[in-house]
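Undergrad: This is the structure, below, for whatever I ask next.
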Amino acid sequence: MSNRNQAELNSIREIVSCHMTSACKLDDYANKCTDPQIKQMFSQSAQSARQSASKLTNML
């Protein structure tokens, strides 16, 4: 892994935080849905956001 400067690290941390916030919101939307297809869409999107955050965290 290459060395990252502080600005890059801060940017990655901010993006991770945004992805985790999105995941929480998407989970909340999924929990409030009654339509199974939309509920699944929100749940899958939340999972995808968490996976992206995890991959970015591994870059730190």
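Simple scheme: letters A, B, ... for chains in structure tokens order, numbers from 1 for residues in each chain, numbers from 1 for ligands in the order shown.
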Ser17 in chain A: which residues within 12 Å, counting only C-alpha atoms, same-chain residues fewer than 4 positions away excluded, as a compact mmCIF listing (two decimals) with N, CA, C and O atoms, in the first residue's frame?

TA:
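Full text of out.txt as output:
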```txt
# COMPACT_ATOMS: atom_id res chain seq x y z
N ASN A 10 -7.94 12.01 5.55
CA ASN A 10 -9.15 12.71 6.01
C ASN A 10 -10.29 12.56 5.01
O ASN A 10 -11.45 12.39 5.40
N SER A 11 -9.97 12.62 3.73
CA SER A 11 -11.00 12.46 2.70
C SER A 11 -11.59 11.06 2.74
O SER A 11 -12.82 10.89 2.65
N ILE A 12 -10.74 10.05 2.89
CA ILE A 12 -11.23 8.68 2.96
C ILE A 12 -12.11 8.49 4.19
O ILE A 12 -13.18 7.89 4.11
N ARG A 13 -11.69 9.04 5.32
CA ARG A 13 -12.50 8.94 6.54
C ARG A 13 -13.86 9.61 6.37
O ARG A 13 -14.89 9.09 6.82
N THR A 21 -23.42 6.60 7.14
CA THR A 21 -24.65 7.38 7.36
C THR A 21 -25.72 6.95 6.36
O THR A 21 -26.88 6.74 6.73
N SER A 22 -25.31 6.80 5.12
CA SER A 22 -26.25 6.35 4.09
C SER A 22 -26.80 4.96 4.42
O SER A 22 -28.00 4.71 4.26
N ALA A 23 -25.94 4.08 4.86
CA ALA A 23 -26.37 2.72 5.20
C ALA A 23 -27.42 2.76 6.32
O ALA A 23 -28.44 2.06 6.24
N CYS A 24 -27.20 3.57 7.32
CA CYS A 24 -28.16 3.69 8.42
C CYS A 24 -29.50 4.24 7.93
O CYS A 24 -30.57 3.73 8.32
N ALA A 49 -23.51 -0.06 0.68
CA ALA A 49 -22.85 1.10 1.29
C ALA A 49 -21.89 0.65 2.40
O ALA A 49 -20.78 1.18 2.53
N ARG A 50 -22.32 -0.35 3.20
CA ARG A 50 -21.44 -0.87 4.25
C ARG A 50 -20.20 -1.54 3.66
O ARG A 50 -19.10 -1.40 4.18
N SER A 52 -18.79 -0.86 0.79
CA SER A 52 -17.92 0.20 0.27
C SER A 52 -17.14 0.86 1.41
O SER A 52 -15.94 1.11 1.29
N ALA A 53 -17.83 1.11 2.51
CA ALA A 53 -17.16 1.70 3.67
C ALA A 53 -16.06 0.79 4.19
O ALA A 53 -14.98 1.25 4.54
N SER A 54 -16.35 -0.49 4.21
CA SER A 54 -15.36 -1.47 4.69
C SER A 54 -14.13 -1.49 3.79
O SER A 54 -12.99 -1.50 4.27
N LEU A 56 -13.06 0.92 1.89
CA LEU A 56 -12.33 2.17 2.08
C LEU A 56 -11.55 2.16 3.40
O LEU A 56 -10.42 2.65 3.47
N THR A 57 -12.17 1.60 4.44
CA THR A 57 -11.50 1.53 5.74
C THR A 57 -10.22 0.70 5.63
O THR A 57 -9.20 1.03 6.25
```

Undergrad: Give me the residues near Leu9 in chain A as a short mmCIF file (atom, residue, chain, number, x, y, z; two decimals) with N, CA and C atoms, in the first residue's frame, where near means some atom within 9 Å (using only C-alpha atoms) and where sequence neighbours in that chain fewer than 4 positions away do not count.

TA:
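part.cif was written with the following content:
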```cif
data_model
loop_
_atom_site.label_atom_id
_atom_site.label_comp_id
_atom_site.auth_asym_id
_atom_site.auth_seq_id
_atom_site.Cartn_x
_atom_site.Cartn_y
_atom_site.Cartn_z
N ARG A 4 -0.09 7.52 2.25
CA ARG A 4 -1.11 8.52 1.99
C ARG A 4 -0.85 9.73 2.89
N ASN A 5 -1.07 10.91 2.33
CA ASN A 5 -0.88 12.10 3.15
C ASN A 5 -2.13 12.34 4.00
N ARG A 13 -11.69 9.04 5.32
CA ARG A 13 -12.50 8.94 6.54
C ARG A 13 -13.86 9.61 6.37
N GLU A 14 -13.88 10.75 5.70
CA GLU A 14 -15.14 11.45 5.48
C GLU A 14 -16.06 10.65 4.56
N MET A 59 -8.27 0.66 3.28
CA MET A 59 -7.24 1.48 2.63
C MET A 59 -6.48 2.35 3.62
N LEU A 60 -7.06 2.55 4.80
CA LEU A 60 -6.43 3.44 5.79
C LEU A 60 -5.21 2.84 6.42
#
```

Undergrad: Would you work out the distance separating CA of Ala30 in chain A from CA of Gln51 in chain A, expressed in Å to one decimal?

TA: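 Between CA of Ala30 in chain A and CA of Gln51 in chain A the gap works out to 17.4 Å.
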
Undergrad: Grab the CA of Ser43 in chain A to CA of Cys18 in chain A distance for me, in Å with one decimal place.

TA: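 Computing the Euclidean distance for CA of Ser43 in chain A and CA of Cys18 in chain A yields 16.7 Å.
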
Undergrad: Rounded to one decimal in Å, what is the spacing between CA of Lys32 in chain A and CA of Lys55 in chain A?

TA: 28.0 Å

Undergrad: Point out the residue among A:Ala46, A:Glu8, A:Gln40, A:Ile15 with the least atom-to-atom distance to Asp27 in chain A, counting only C-alpha atoms.

TA: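 Smallest separation from Asp27 in chain A among the options: A:Ala46.
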